[in-house]
Structures are given as C-alpha cells and as structure tokens.
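Structure data (mmCIF, C-alpha atoms and all ligand atoms) from run.cif:
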```
data_run
#
loop_
_atom_site.label_atom_id
_atom_site.label_comp_id
_atom_site.auth_asym_id
_atom_site.auth_seq_id
_atom_site.Cartn_x
_atom_site.Cartn_y
_atom_site.Cartn_z
CA MET G 28 0.00 0.00 0.00
CA SER G 29 1.45 3.41 -0.90
CA PHE G 30 1.16 6.64 1.08
CA LEU G 31 1.15 9.25 -1.64
CA LEU G 32 -0.98 12.00 -0.12
CA GLU G 33 0.37 15.52 -0.20
CA PRO G 34 0.09 17.28 3.19
CA LYS G 35 -2.14 19.93 1.61
CA TYR G 36 -4.86 17.27 1.03
CA MET G 37 -4.63 15.50 4.35
CA ALA G 38 -6.64 17.73 6.68
CA LYS G 39 -9.57 17.97 4.30
CA VAL G 40 -10.39 14.31 3.79
CA GLU G 41 -13.56 12.90 5.36
CA VAL G 42 -14.47 9.22 5.25
CA LYS G 43 -18.17 8.43 5.50
CA LYS G 44 -20.00 5.08 5.51
CA ALA G 45 -23.30 4.53 3.68
CA ARG G 46 -26.37 4.46 5.94
CA GLU G 47 -27.06 0.83 4.87
CA PHE G 48 -24.18 -1.45 4.03
CA GLY G 49 -22.46 -4.74 4.73
CA LEU G 50 -23.72 -8.11 5.90
CA CYS G 51 -27.39 -8.74 5.15
CA PHE G 52 -29.71 -10.92 7.22
CA GLY G 53 -29.46 -13.79 4.68
CA VAL G 54 -25.67 -13.99 4.90
CA ARG G 55 -25.61 -13.54 8.70
CA ARG G 56 -28.15 -16.35 8.93
CA ALA G 57 -26.14 -18.64 6.60
CA ILE G 58 -22.93 -18.06 8.57
CA LYS G 59 -24.74 -18.71 11.87
CA ILE G 60 -26.25 -21.98 10.59
CA ILE G 61 -22.95 -23.24 9.19
CA ASP G 62 -20.96 -22.16 12.25
CA LYS G 63 -23.34 -24.15 14.47
CA ALA G 64 -23.20 -27.18 12.14
CA ALA G 65 -19.39 -27.04 12.06
CA LYS G 66 -19.35 -27.52 15.83
CA GLU G 67 -21.45 -30.69 15.44
CA HIS G 68 -19.71 -32.25 12.43
CA GLN G 69 -16.04 -32.80 11.75
CA GLU G 70 -16.32 -32.07 8.06
CA ILE G 71 -18.91 -30.26 5.97
CA ALA G 72 -18.74 -29.84 2.19
CA THR G 73 -20.35 -26.86 0.46
CA LEU G 74 -21.10 -26.91 -3.26
CA GLY G 75 -19.42 -23.62 -4.09
CA PRO G 76 -18.63 -20.95 -1.47
CA ILE G 77 -21.32 -20.58 1.20
CA VAL G 78 -21.26 -16.81 0.47
CA HIS G 79 -19.25 -14.94 -2.15
CA ASN G 80 -16.50 -13.65 0.08
CA ARG G 81 -13.00 -15.13 0.32
CA LEU G 82 -12.46 -13.97 3.91
CA VAL G 83 -15.65 -15.63 5.18
CA VAL G 84 -14.85 -18.84 3.27
CA ALA G 85 -11.29 -18.94 4.63
CA LYS G 86 -12.55 -18.53 8.20
CA LEU G 87 -15.08 -21.35 7.74
CA ALA G 88 -12.39 -23.61 6.24
CA ASP G 89 -10.58 -23.42 9.60
CA SER G 90 -13.68 -25.02 11.17
CA GLY G 91 -13.74 -27.89 8.66
CA VAL G 92 -16.12 -26.38 6.08
CA LYS G 93 -14.68 -27.25 2.67
CA VAL G 94 -15.74 -25.93 -0.72
CA VAL G 95 -16.20 -28.54 -3.47
CA ASN G 96 -17.17 -28.05 -7.09
CA ASP G 97 -19.42 -31.06 -7.57
CA LEU G 98 -21.06 -33.87 -5.66
CA GLY G 99 -18.37 -36.35 -6.74
CA GLN G 100 -15.82 -34.46 -4.62
CA VAL G 101 -17.80 -34.83 -1.38
CA GLN G 102 -15.92 -37.19 0.90
CA GLY G 103 -17.83 -36.84 4.18
CA ARG G 104 -21.52 -37.42 4.92
CA VAL G 105 -22.63 -33.81 5.37
CA ILE G 106 -23.27 -31.28 2.63
CA ALA G 107 -24.36 -27.65 2.94
CA ILE G 108 -26.53 -25.83 0.44
CA THR G 109 -25.18 -22.30 0.06
CA SER G 110 -27.12 -19.08 0.67
CA HIS G 111 -27.67 -18.93 -3.12
CA GLY G 112 -29.85 -22.05 -2.98
CA ALA G 113 -29.85 -25.09 -5.26
CA PRO G 114 -31.99 -26.55 -8.07
CA PRO G 115 -34.36 -29.42 -7.20
CA GLN G 116 -32.40 -31.79 -9.47
CA LEU G 117 -29.33 -31.32 -7.26
CA LEU G 118 -31.38 -31.83 -4.09
CA SER G 119 -32.61 -35.17 -5.53
CA GLN G 120 -29.02 -36.25 -6.28
CA ILE G 121 -28.01 -35.39 -2.71
CA GLN G 122 -30.95 -37.35 -1.37
CA ALA G 123 -30.03 -40.35 -3.54
CA ARG G 124 -26.56 -40.32 -1.97
CA LYS G 125 -28.14 -40.23 1.50
CA LEU G 126 -26.06 -37.22 2.56
CA GLN G 127 -27.12 -35.11 5.51
CA VAL G 128 -28.12 -31.64 4.30
CA ILE G 129 -27.50 -28.33 6.06
CA ASP G 130 -29.62 -25.84 4.16
CA THR G 131 -28.47 -22.19 4.36
CA THR G 132 -30.57 -20.98 1.39
CA CYS G 133 -31.53 -17.36 2.05
CA PRO G 134 -35.31 -17.05 2.67
CA THR G 135 -35.46 -14.33 -0.02
CA VAL G 136 -33.86 -16.67 -2.55
CA ARG G 137 -36.27 -19.43 -1.45
CA SER G 138 -39.21 -17.07 -2.15
CA ALA G 139 -37.83 -16.44 -5.64
CA GLN G 140 -37.52 -20.21 -6.21
CA LYS G 141 -41.15 -20.68 -5.12
CA ALA G 142 -42.25 -17.88 -7.46
CA ALA G 143 -40.40 -19.54 -10.37
CA GLN G 144 -41.95 -22.92 -9.57
CA LYS G 145 -45.46 -21.47 -9.25
CA LEU G 146 -45.19 -19.72 -12.61
CA ALA G 147 -43.93 -22.88 -14.31
CA LEU G 148 -46.68 -25.03 -12.76
CA SER G 149 -49.29 -22.47 -13.88
CA GLY G 150 -48.16 -22.81 -17.50
CA PHE G 151 -45.99 -19.69 -17.83
CA ARG G 152 -42.68 -19.72 -19.67
CA VAL G 153 -40.33 -18.19 -17.11
CA ILE G 154 -37.77 -15.52 -17.92
CA ILE G 155 -35.26 -14.76 -15.21
CA PHE G 156 -33.59 -11.37 -15.37
CA GLY G 157 -30.12 -12.39 -14.21
CA GLU G 158 -26.69 -13.80 -14.96
CA ALA G 159 -27.20 -17.36 -16.21
CA THR G 160 -23.89 -18.54 -14.72
CA HIS G 161 -24.54 -17.25 -11.18
CA PRO G 162 -25.29 -20.05 -8.65
CA GLU G 163 -28.54 -18.43 -7.50
CA VAL G 164 -29.77 -18.16 -11.09
CA LYS G 165 -28.76 -21.75 -11.87
CA GLY G 166 -30.92 -22.76 -8.91
CA LEU G 167 -33.84 -20.59 -10.06
CA LEU G 168 -33.63 -22.10 -13.55
CA GLY G 169 -34.02 -25.53 -11.99
CA TRP G 170 -37.24 -24.48 -10.25
CA ALA G 171 -38.58 -22.60 -13.29
CA GLY G 172 -39.39 -25.53 -15.57
CA ASN G 173 -37.93 -26.85 -18.81
CA ASN G 174 -38.35 -23.83 -21.03
CA ALA G 175 -37.08 -21.16 -18.64
CA ILE G 176 -34.28 -18.85 -19.69
CA ALA G 177 -32.02 -16.49 -17.76
CA THR G 178 -30.73 -13.39 -19.46
CA LEU G 179 -29.90 -9.72 -18.99
CA ASN G 180 -30.53 -9.00 -22.65
CA VAL G 181 -34.02 -8.46 -24.02
CA ASP G 182 -32.86 -9.52 -27.52
CA GLU G 183 -32.66 -13.08 -26.16
CA VAL G 184 -36.35 -12.87 -25.26
CA ALA G 185 -37.32 -11.40 -28.61
CA LYS G 186 -35.67 -14.37 -30.36
CA LEU G 187 -37.87 -16.92 -28.55
CA GLU G 188 -40.87 -18.57 -30.04
CA LEU G 189 -43.46 -16.64 -28.09
CA PRO G 190 -45.72 -18.65 -25.79
CA ARG G 191 -49.18 -17.45 -24.77
CA ARG G 192 -48.06 -16.86 -21.21
CA PHE G 193 -44.81 -15.31 -20.03
CA GLY G 194 -43.66 -14.92 -16.42
CA ILE G 195 -40.79 -12.68 -15.40
CA ILE G 196 -38.79 -12.77 -12.18
CA SER G 197 -35.36 -11.39 -11.27
CA GLN G 198 -32.16 -12.63 -9.70
CA THR G 199 -32.57 -11.24 -6.19
CA THR G 200 -29.51 -8.98 -6.32
CA GLN G 201 -30.21 -7.17 -9.60
CA SER G 202 -30.85 -3.44 -9.50
CA ASN G 203 -34.39 -2.13 -9.28
CA ALA G 204 -33.87 0.36 -12.13
CA LYS G 205 -32.41 -2.24 -14.50
CA PHE G 206 -35.19 -4.72 -13.76
CA VAL G 207 -37.82 -2.07 -14.53
CA GLU G 208 -36.00 -1.17 -17.77
CA PHE G 209 -35.85 -4.88 -18.74
CA ILE G 210 -39.58 -5.37 -18.07
CA ASP G 211 -40.37 -2.30 -20.17
CA GLU G 212 -38.28 -3.64 -23.07
CA VAL G 213 -39.82 -7.12 -22.80
CA ILE G 214 -43.31 -5.66 -22.96
CA ARG G 215 -42.39 -3.76 -26.13
CA ALA G 216 -40.80 -6.90 -27.63
CA VAL G 217 -43.56 -9.42 -26.94
CA PHE G 218 -46.86 -7.53 -27.12
CA PRO G 219 -49.36 -8.04 -28.72
CA ASP G 220 -48.32 -11.65 -29.48
CA VAL G 221 -48.35 -12.71 -25.83
CA GLN G 222 -51.71 -13.08 -24.14
CA GLU G 223 -50.65 -12.91 -20.52
CA LEU G 224 -47.56 -11.51 -18.87
CA ARG G 225 -47.03 -12.00 -15.14
CA ILE G 226 -44.26 -10.13 -13.32
CA ILE G 227 -43.17 -11.13 -9.83
CA ASN G 228 -40.89 -8.82 -7.91
CA THR G 229 -38.24 -11.15 -6.48
CA LEU G 230 -35.68 -8.41 -5.85
CA CYS G 231 -34.06 -8.48 -2.43
CA GLN G 232 -35.07 -5.51 -0.29
CA GLU G 233 -31.76 -5.64 1.63
CA THR G 234 -29.93 -5.25 -1.70
CA ARG G 235 -32.25 -2.44 -2.77
CA LYS G 236 -31.65 -0.52 0.47
CA ARG G 237 -27.87 -0.88 0.07
CA GLN G 238 -28.02 0.32 -3.53
CA GLU G 239 -30.17 3.35 -2.63
CA ALA G 240 -27.85 4.28 0.25
CA ALA G 241 -24.78 3.84 -1.98
CA LEU G 242 -26.33 6.04 -4.67
CA GLU G 243 -27.14 8.74 -2.13
CA LEU G 244 -23.62 8.70 -0.68
CA ALA G 245 -22.00 8.60 -4.14
CA GLY G 246 -23.81 11.86 -4.95
CA LYS G 247 -22.08 13.55 -1.99
CA SER G 248 -18.64 11.97 -2.44
CA ASP G 249 -15.53 12.57 -4.55
CA LEU G 250 -14.58 8.91 -4.36
CA MET G 251 -16.50 5.73 -3.53
CA ILE G 252 -14.91 2.58 -2.16
CA VAL G 253 -17.05 -0.55 -2.42
CA VAL G 254 -15.85 -3.35 -0.16
CA GLY G 255 -16.66 -6.96 -1.00
CA GLY G 256 -15.83 -10.08 -2.96
CA HIS G 257 -14.88 -9.48 -6.59
CA ASN G 258 -17.15 -12.46 -7.40
CA SER G 259 -20.10 -11.17 -5.35
CA ALA G 260 -23.06 -10.15 -7.55
CA ASN G 261 -24.55 -7.70 -5.05
CA THR G 262 -21.14 -6.07 -4.46
CA GLN G 263 -20.62 -5.66 -8.21
CA ARG G 264 -24.09 -4.03 -8.43
CA LEU G 265 -23.08 -1.48 -5.77
CA ALA G 266 -20.02 -0.55 -7.84
CA GLU G 267 -22.17 -0.33 -10.97
CA VAL G 268 -24.64 1.96 -9.21
CA CYS G 269 -21.90 4.33 -7.98
CA SER G 270 -19.48 4.40 -10.93
CA PRO G 271 -21.58 6.55 -13.31
CA ILE G 272 -21.71 9.20 -10.57
CA VAL G 273 -18.21 9.28 -9.12
CA GLU G 274 -14.84 7.52 -9.29
CA THR G 275 -15.47 4.11 -7.72
CA HIS G 276 -13.18 1.24 -6.75
CA LEU G 277 -14.28 -2.26 -5.73
CA ILE G 278 -11.85 -3.87 -3.28
CA GLU G 279 -11.99 -6.98 -1.15
CA THR G 280 -9.43 -5.94 1.48
CA ALA G 281 -7.69 -2.80 2.68
CA ALA G 282 -4.46 -4.03 1.07
CA GLU G 283 -5.92 -3.16 -2.36
CA ILE G 284 -6.27 0.56 -1.56
CA LYS G 285 -3.97 2.82 -3.56
CA GLY G 286 -3.00 6.05 -1.87
CA ASP G 287 -3.17 8.05 -5.10
CA TRP G 288 -6.94 7.37 -5.38
CA LEU G 289 -7.30 9.90 -2.57
CA LEU G 290 -5.32 12.67 -4.20
CA GLY G 291 -7.43 15.78 -4.56
CA LYS G 292 -10.44 14.08 -2.92
CA GLN G 293 -12.21 15.56 0.05
CA TYR G 294 -15.22 13.31 0.68
CA ILE G 295 -14.71 9.56 0.51
CA GLY G 296 -17.73 7.30 0.70
CA VAL G 297 -17.56 3.67 1.78
CA THR G 298 -20.14 0.99 1.17
CA ALA G 299 -19.96 -2.80 1.28
CA GLY G 300 -21.65 -5.81 -0.24
CA ALA G 301 -24.09 -8.02 1.64
CA SER G 302 -21.47 -10.76 2.12
CA THR G 303 -18.67 -8.52 3.40
CA PRO G 304 -17.59 -9.21 6.99
CA ASP G 305 -17.69 -6.27 9.41
CA GLU G 306 -13.92 -6.59 10.13
CA ALA G 307 -13.03 -6.10 6.44
CA ILE G 308 -15.12 -2.92 6.26
CA GLU G 309 -13.62 -1.51 9.47
CA GLU G 310 -10.11 -2.22 8.23
CA VAL G 311 -10.82 -0.33 5.01
CA VAL G 312 -12.27 2.65 6.88
CA LEU G 313 -9.31 2.76 9.29
CA THR G 314 -6.83 2.50 6.40
CA LEU G 315 -8.54 5.33 4.50
CA LYS G 316 -8.54 7.50 7.63
CA SER G 317 -4.92 6.69 8.25
CA LEU G 318 -3.98 7.58 4.66
CA ALA G 319 -5.97 10.79 4.94
CA SER G 320 -4.20 11.82 8.14
CA GLY G 321 -0.79 10.76 6.86
CA ASP G 322 -0.21 8.35 9.81
S1 LIG P 1 -28.46 -10.14 -0.46
FE1 LIG P 1 -30.64 -10.54 -0.11
S2 LIG P 1 -31.02 -12.42 -1.24
FE2 LIG P 1 -28.82 -12.30 -0.99
S3 LIG P 1 -28.39 -13.40 0.91
FE3 LIG P 1 -28.67 -11.27 1.47
S4 LIG P 1 -30.83 -11.07 2.06
FE4 LIG P 1 -30.57 -12.98 0.89
#
```
Reformat the file's structure so that it appears as structure tokens.
Amino acid sequence: MSFLLEPKYMAKVEVKKAREFGLCFGVRRAIKIIDKAAKEHQEIATLGPIVHNRLVVAKLADSGVKVVNDLGQVQGRVIAITSHGAPPQLLSQIQARKLQVIDTTCPTVRSAQKAAQKLALSGFRVIIFGEATHPEVKGLLGWAGNNAIATLNVDEVAKLELPRRFGIISQTTQSNAKFVEFIDEVIRAVFPDVQELRIINTLCQETRKRQEAALELAGKSDLMIVVGGHNSANTQRLAEVCSPIVETHLIETAAEIKGDWLLGKQYIGVTAGASTPDEAIEEVVLTLKSLASGD
C-alpha cells in the first residue's frame, strides 16, 4: 500500500459510511447456521462458497467447512446448500446419496424459487432477469421448468418462439432500475403476441436498500470505495450503481487501496456488499482515515 498524499490534502479528507451497508440478514443467517453445524460435524462440504467472500470462506475452512465443485468431490456425509440455494435436481441427487443436508438458502432466494416454480406449474414460460452462470440463477432455472431462460438481454427474449403466457422474475440482487428497464423492453418486444404476462418482484429488499444508500452517498462523495468479494453479484451491483456518478473502486481488502486514489479528494464514501464481513469494512475505513491523516 502506498502513502502518496500531499500534506495539503490531508486535513480535508472525510471518510463516510453509507447508511445501509455490509452483511445482510441472509448472509448472517447462513454463517450462523454453518458455524453451528461445524461444531457438530467434523467435516462439511459446500457446493461452491457458502457466500461470495473469500475472507468468510477462509474462516469457515478453519472449522472444517470445505468448498467442493461437484457432488463427486464430497468425501464426508454432510453437505451444505449455500445461501444462493440449489436446483431441485441437485437436491434429488443429494438425497439419492443419503447425505445429511445443512440448508443455508436465504429465505429471499427461497421465495424467488417458489415464485419460479409457481409460474412454471401455472403454464408460464419463465424468464429470469439475471446472470445465467450465477449459482442463485442456476438454482432458479431448476425451479422454473424446462423452457425457462435467464438473461440480462431483451434480444434473447425477442428471439424466442413466443408462448401465450410469459412470467418474469429477477435474480434477487439485480438493480431495481435495471429490472424495470428490462420489463419495459420485454413488454415492447412481446406484445401483442403474448396473451398474458405475469411479473413477480423477487428483488431483495436488503440489496435495494444498500443500492439506494450507496447512490445517495456517491452523490455527496468525490470517491467511492465498495468493499466486497470481486465475485459477489450484489457487491458488483453497488459498484455499478456508484461508478456513473463518481470515481469508484471495488476492493476486497484494505491491502488493495492505492494512496493516489485519494489525491485531490475531500469526501470519501464507503459501502460494502451483503457478504462482506464487518472486520473487512472496518479495516478499510481505518486505512482510508490513516492515509488521509498521513499516519
Ligand atoms: S443479499 Fe438478499 S437475497 Fe442475498 S443473501 Fe442477502 S438477504 Fe438474501
């Protein structure tokens, strides 16, 4: 980390945290469940990281919680479903192997899965506004029936053979504004060919509050620092929300801060993704303050 601040900038710098930021109830809940389970079992496998944050995963690994990429790699008898949830096909495979399941699926994600399933069972072709490769979306696709698709691009929808009934849901961590824009574009692309269009708001309110608070703080800042996993969807969204407004950097730890980002900046805003541990955020804030004061 470099300390490049000129003394003339030091006294002016203020570091302010967003009014809503950091660990959400779903991630706190997942960590609590897995922490408790780790005390009862020697080894637990998770299919993918339990939350998208390296620091949290590393801490859990010390308690015997190991990340595996597929069921074939599970050596013990206990498997944990991550906060992002899992498709029903995977749950059946786990059941067939008679593994004990620790389910940390976030209740908000579970609601989105139920919405997808209900649409599919009612005869709607489901469109998920989300990143098709994200674990949560892979799970939603599993619940959404055979013809479901996940996309962020309305052109993909326009290319489909249009069914009579379309249902739209969203990956929980997408932005409110982008979901509304997508719905608007879908309506233009499919009407009047489609008879019925059902939209279910599956956006996570915790994510929405963090995005609104980040946007508000970005408007009052000269620099925004977003703390969280580089692979965390909700953390990436926070950076996307802030970057059109002000210079924004997404970092996972304080070690990634570059002193020259602060040059000429007076107000520095800090926000953090829903899977970012409190210690990581505090370390970033302390480092920024230390850089600002020249300590
Ligand atoms: S960001 Fe929302 S959906 Fe994701 S784990 Fe947290 S509460 Fe659940």
Find the residue from G:Gln263, G:Gln122, G:Ser302, G:Ser149 that sits nearest to ligand LIG 1 (chain P); use all atoms listed in the file when measuring.
->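 Among the listed residues, G:Ser302 lies closest to ligand LIG 1 (chain P).
When only C-alpha atoms are used to compute distances to Leu244 of chain G, the closest of the residues G:Ala45, G:Val78, G:Ile61, G:Ile308 turns out to be G:Ala45.
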Would you name the residues within 8 Å of ligand LIG 1 (chain P), counting all atoms listed in the file, and put them as an NGL selection string?
-> :G and (50-54 or 78 or 110-111 or 132-136 or 199-200 or 230-234 or 261 or 301-302)
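Proximity of G:Val311, G:Val101, G:Ile77, G:Ala57 to Lys285 of chain G, computed with all atoms listed in the file, is greatest for G:Val311.
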Which residues come within 9 Å of segment 153-161 of chain G, counting all atoms listed in the file, excluding same-chain residues fewer than 4 positions away, as number ranges by chain?
-> G: 111, 143, 146-147, 165-168, 171-172, 174-180, 184, 192-201, 206, 209-210, 260
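Among the candidate residues G:Lys205, G:Arg104, G:His276, G:Arg191, the one lying nearest to Thr262 of chain G is G:His276, with distances computed using only C-alpha atoms.
Among the candidates G:Val83, G:Ala64, G:Trp288, G:Pro162, the one nearest to Val128 of chain G when counting all atoms listed in the file is G:Ala64.
One distance worth recording is that between atom CA of Leu318 of chain G and atom CA of Ile272 of chain G, which is 23.4 Å.
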Atomic distance atom CA of His79 of chain G - atom CA of Val254 of chain G, expressed in Å with one decimal |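 Going from atom CA of His79 of chain G over to atom CA of Val254 of chain G covers 12.2 Å.
Between Arg152 of chain G and the candidates G:Leu98, G:Arg137, G:Ala216, G:Val221, the tightest atom-to-atom separation, counting all atoms listed in the file, involves G:Val221.
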One decimal, Å: what's the distance from atom CA of Ile108 of chain G over to atom CA of Leu74 of chain G, could you say?
-> 6.7 Å
Point (-25.9, -38.5, -3.3) neighbourhood (12 Å, only C-alpha atoms) written as number ranges by chain | G: 97-106, 116-128
Contact residues around Ala185 of chain G with all atoms listed in the file at 8 Å, ignoring same-chain residues under 3 positions, as an MDAnalysis selection string | chainID G and resid 181:182 213 216:217
Reconstruct all heavy atoms of segment 61-72 of chain G; output as a PDB file, in the coordinates of the input.
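The result, stored in out.pdb:
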```pdb
ATOM      1  N   ILE G  61     -24.095 -22.409   9.523  1.00  0.00           N
ATOM      2  CA  ILE G  61     -22.950 -23.240   9.190  1.00  0.00           C
ATOM      3  C   ILE G  61     -21.939 -23.292  10.349  1.00  0.00           C
ATOM      4  O   ILE G  61     -21.323 -24.324  10.600  1.00  0.00           O
ATOM      5  CB  ILE G  61     -22.287 -22.780   7.854  1.00  0.00           C
ATOM      6  CG1 ILE G  61     -21.478 -23.898   7.222  1.00  0.00           C
ATOM      7  CG2 ILE G  61     -21.462 -21.558   7.966  1.00  0.00           C
ATOM      8  CD1 ILE G  61     -22.254 -24.865   6.460  1.00  0.00           C
ATOM      9  N   ASP G  62     -21.834 -22.196  11.064  1.00  0.00           N
ATOM     10  CA  ASP G  62     -20.960 -22.160  12.250  1.00  0.00           C
ATOM     11  C   ASP G  62     -21.423 -23.193  13.274  1.00  0.00           C
ATOM     12  O   ASP G  62     -20.634 -23.947  13.834  1.00  0.00           O
ATOM     13  CB  ASP G  62     -21.019 -20.776  12.904  1.00  0.00           C
ATOM     14  CG  ASP G  62     -19.835 -19.913  12.502  1.00  0.00           C
ATOM     15  OD1 ASP G  62     -18.851 -20.475  11.992  1.00  0.00           O
ATOM     16  OD2 ASP G  62     -19.913 -18.689  12.697  1.00  0.00           O
ATOM     17  N   LYS G  63     -22.748 -23.211  13.497  1.00  0.00           N
ATOM     18  CA  LYS G  63     -23.340 -24.150  14.470  1.00  0.00           C
ATOM     19  C   LYS G  63     -23.115 -25.589  13.986  1.00  0.00           C
ATOM     20  O   LYS G  63     -22.686 -26.455  14.760  1.00  0.00           O
ATOM     21  CB  LYS G  63     -24.834 -23.846  14.616  1.00  0.00           C
ATOM     22  CG  LYS G  63     -25.533 -24.659  15.650  1.00  0.00           C
ATOM     23  CD  LYS G  63     -26.922 -24.068  15.918  1.00  0.00           C
ATOM     24  CE  LYS G  63     -27.709 -24.929  16.877  1.00  0.00           C
ATOM     25  NZ  LYS G  63     -28.415 -26.031  16.238  1.00  0.00           N
ATOM     26  N   ALA G  64     -23.356 -25.826  12.690  1.00  0.00           N
ATOM     27  CA  ALA G  64     -23.200 -27.180  12.140  1.00  0.00           C
ATOM     28  C   ALA G  64     -21.743 -27.635  12.220  1.00  0.00           C
ATOM     29  O   ALA G  64     -21.463 -28.808  12.466  1.00  0.00           O
ATOM     30  CB  ALA G  64     -23.694 -27.207  10.697  1.00  0.00           C
ATOM     31  N   ALA G  65     -20.819 -26.687  12.038  1.00  0.00           N
ATOM     32  CA  ALA G  65     -19.390 -27.040  12.060  1.00  0.00           C
ATOM     33  C   ALA G  65     -18.956 -27.535  13.437  1.00  0.00           C
ATOM     34  O   ALA G  65     -18.014 -28.319  13.557  1.00  0.00           O
ATOM     35  CB  ALA G  65     -18.551 -25.840  11.633  1.00  0.00           C
ATOM     36  N   LYS G  66     -19.670 -27.073  14.464  1.00  0.00           N
ATOM     37  CA  LYS G  66     -19.350 -27.520  15.830  1.00  0.00           C
ATOM     38  C   LYS G  66     -19.837 -28.960  16.052  1.00  0.00           C
ATOM     39  O   LYS G  66     -19.344 -29.682  16.897  1.00  0.00           O
ATOM     40  CB  LYS G  66     -19.990 -26.584  16.860  1.00  0.00           C
ATOM     41  CG  LYS G  66     -19.306 -25.224  16.879  1.00  0.00           C
ATOM     42  CD  LYS G  66     -19.785 -24.378  18.052  1.00  0.00           C
ATOM     43  CE  LYS G  66     -19.088 -23.033  18.067  1.00  0.00           C
ATOM     44  NZ  LYS G  66     -19.684 -22.039  17.171  1.00  0.00           N
ATOM     45  N   GLU G  67     -20.855 -29.351  15.266  1.00  0.00           N
ATOM     46  CA  GLU G  67     -21.450 -30.690  15.440  1.00  0.00           C
ATOM     47  C   GLU G  67     -20.859 -31.735  14.506  1.00  0.00           C
ATOM     48  O   GLU G  67     -20.998 -32.919  14.729  1.00  0.00           O
ATOM     49  CB  GLU G  67     -22.970 -30.605  15.208  1.00  0.00           C
ATOM     50  CG  GLU G  67     -23.684 -29.791  16.276  1.00  0.00           C
ATOM     51  CD  GLU G  67     -25.073 -29.326  15.824  1.00  0.00           C
ATOM     52  OE1 GLU G  67     -25.566 -29.813  14.791  1.00  0.00           O
ATOM     53  OE2 GLU G  67     -25.634 -28.463  16.521  1.00  0.00           O
ATOM     54  N   HIS G  68     -20.244 -31.304  13.415  1.00  0.00           N
ATOM     55  CA  HIS G  68     -19.710 -32.250  12.430  1.00  0.00           C
ATOM     56  C   HIS G  68     -18.240 -31.938  12.168  1.00  0.00           C
ATOM     57  O   HIS G  68     -17.871 -30.762  12.089  1.00  0.00           O
ATOM     58  CB  HIS G  68     -20.477 -32.146  11.102  1.00  0.00           C
ATOM     59  CG  HIS G  68     -21.947 -32.338  11.251  1.00  0.00           C
ATOM     60  ND1 HIS G  68     -22.522 -33.574  11.323  1.00  0.00           N
ATOM     61  CD2 HIS G  68     -22.964 -31.440  11.369  1.00  0.00           C
ATOM     62  CE1 HIS G  68     -23.838 -33.435  11.455  1.00  0.00           C
ATOM     63  NE2 HIS G  68     -24.122 -32.141  11.496  1.00  0.00           N
ATOM     64  N   GLN G  69     -17.474 -33.011  11.991  1.00  0.00           N
ATOM     65  CA  GLN G  69     -16.040 -32.800  11.750  1.00  0.00           C
ATOM     66  C   GLN G  69     -15.770 -32.150  10.407  1.00  0.00           C
ATOM     67  O   GLN G  69     -14.902 -31.318  10.257  1.00  0.00           O
ATOM     68  CB  GLN G  69     -15.319 -34.139  11.816  1.00  0.00           C
ATOM     69  CG  GLN G  69     -14.859 -34.457  13.216  1.00  0.00           C
ATOM     70  CD  GLN G  69     -13.840 -35.557  13.192  1.00  0.00           C
ATOM     71  OE1 GLN G  69     -13.831 -36.375  12.288  1.00  0.00           O
ATOM     72  NE2 GLN G  69     -12.994 -35.582  14.194  1.00  0.00           N
ATOM     73  N   GLU G  70     -16.558 -32.581   9.403  1.00  0.00           N
ATOM     74  CA  GLU G  70     -16.320 -32.070   8.060  1.00  0.00           C
ATOM     75  C   GLU G  70     -17.651 -31.789   7.358  1.00  0.00           C
ATOM     76  O   GLU G  70     -18.569 -32.598   7.392  1.00  0.00           O
ATOM     77  CB  GLU G  70     -15.525 -33.111   7.258  1.00  0.00           C
ATOM     78  CG  GLU G  70     -15.106 -32.588   5.904  1.00  0.00           C
ATOM     79  CD  GLU G  70     -14.319 -33.614   5.093  1.00  0.00           C
ATOM     80  OE1 GLU G  70     -13.518 -34.349   5.704  1.00  0.00           O
ATOM     81  OE2 GLU G  70     -14.532 -33.672   3.880  1.00  0.00           O
ATOM     82  N   ILE G  71     -17.721 -30.623   6.750  1.00  0.00           N
ATOM     83  CA  ILE G  71     -18.910 -30.260   5.970  1.00  0.00           C
ATOM     84  C   ILE G  71     -18.420 -29.811   4.596  1.00  0.00           C
ATOM     85  O   ILE G  71     -17.464 -29.029   4.487  1.00  0.00           O
ATOM     86  CB  ILE G  71     -19.712 -29.121   6.638  1.00  0.00           C
ATOM     87  CG1 ILE G  71     -20.176 -29.540   8.026  1.00  0.00           C
ATOM     88  CG2 ILE G  71     -20.894 -28.698   5.777  1.00  0.00           C
ATOM     89  CD1 ILE G  71     -20.860 -28.433   8.813  1.00  0.00           C
ATOM     90  N   ALA G  72     -19.087 -30.302   3.544  1.00  0.00           N
ATOM     91  CA  ALA G  72     -18.740 -29.840   2.190  1.00  0.00           C
ATOM     92  C   ALA G  72     -19.791 -28.833   1.744  1.00  0.00           C
ATOM     93  O   ALA G  72     -20.977 -28.989   2.064  1.00  0.00           O
ATOM     94  CB  ALA G  72     -18.712 -31.022   1.234  1.00  0.00           C
TER      95      ALA G  72
END
```
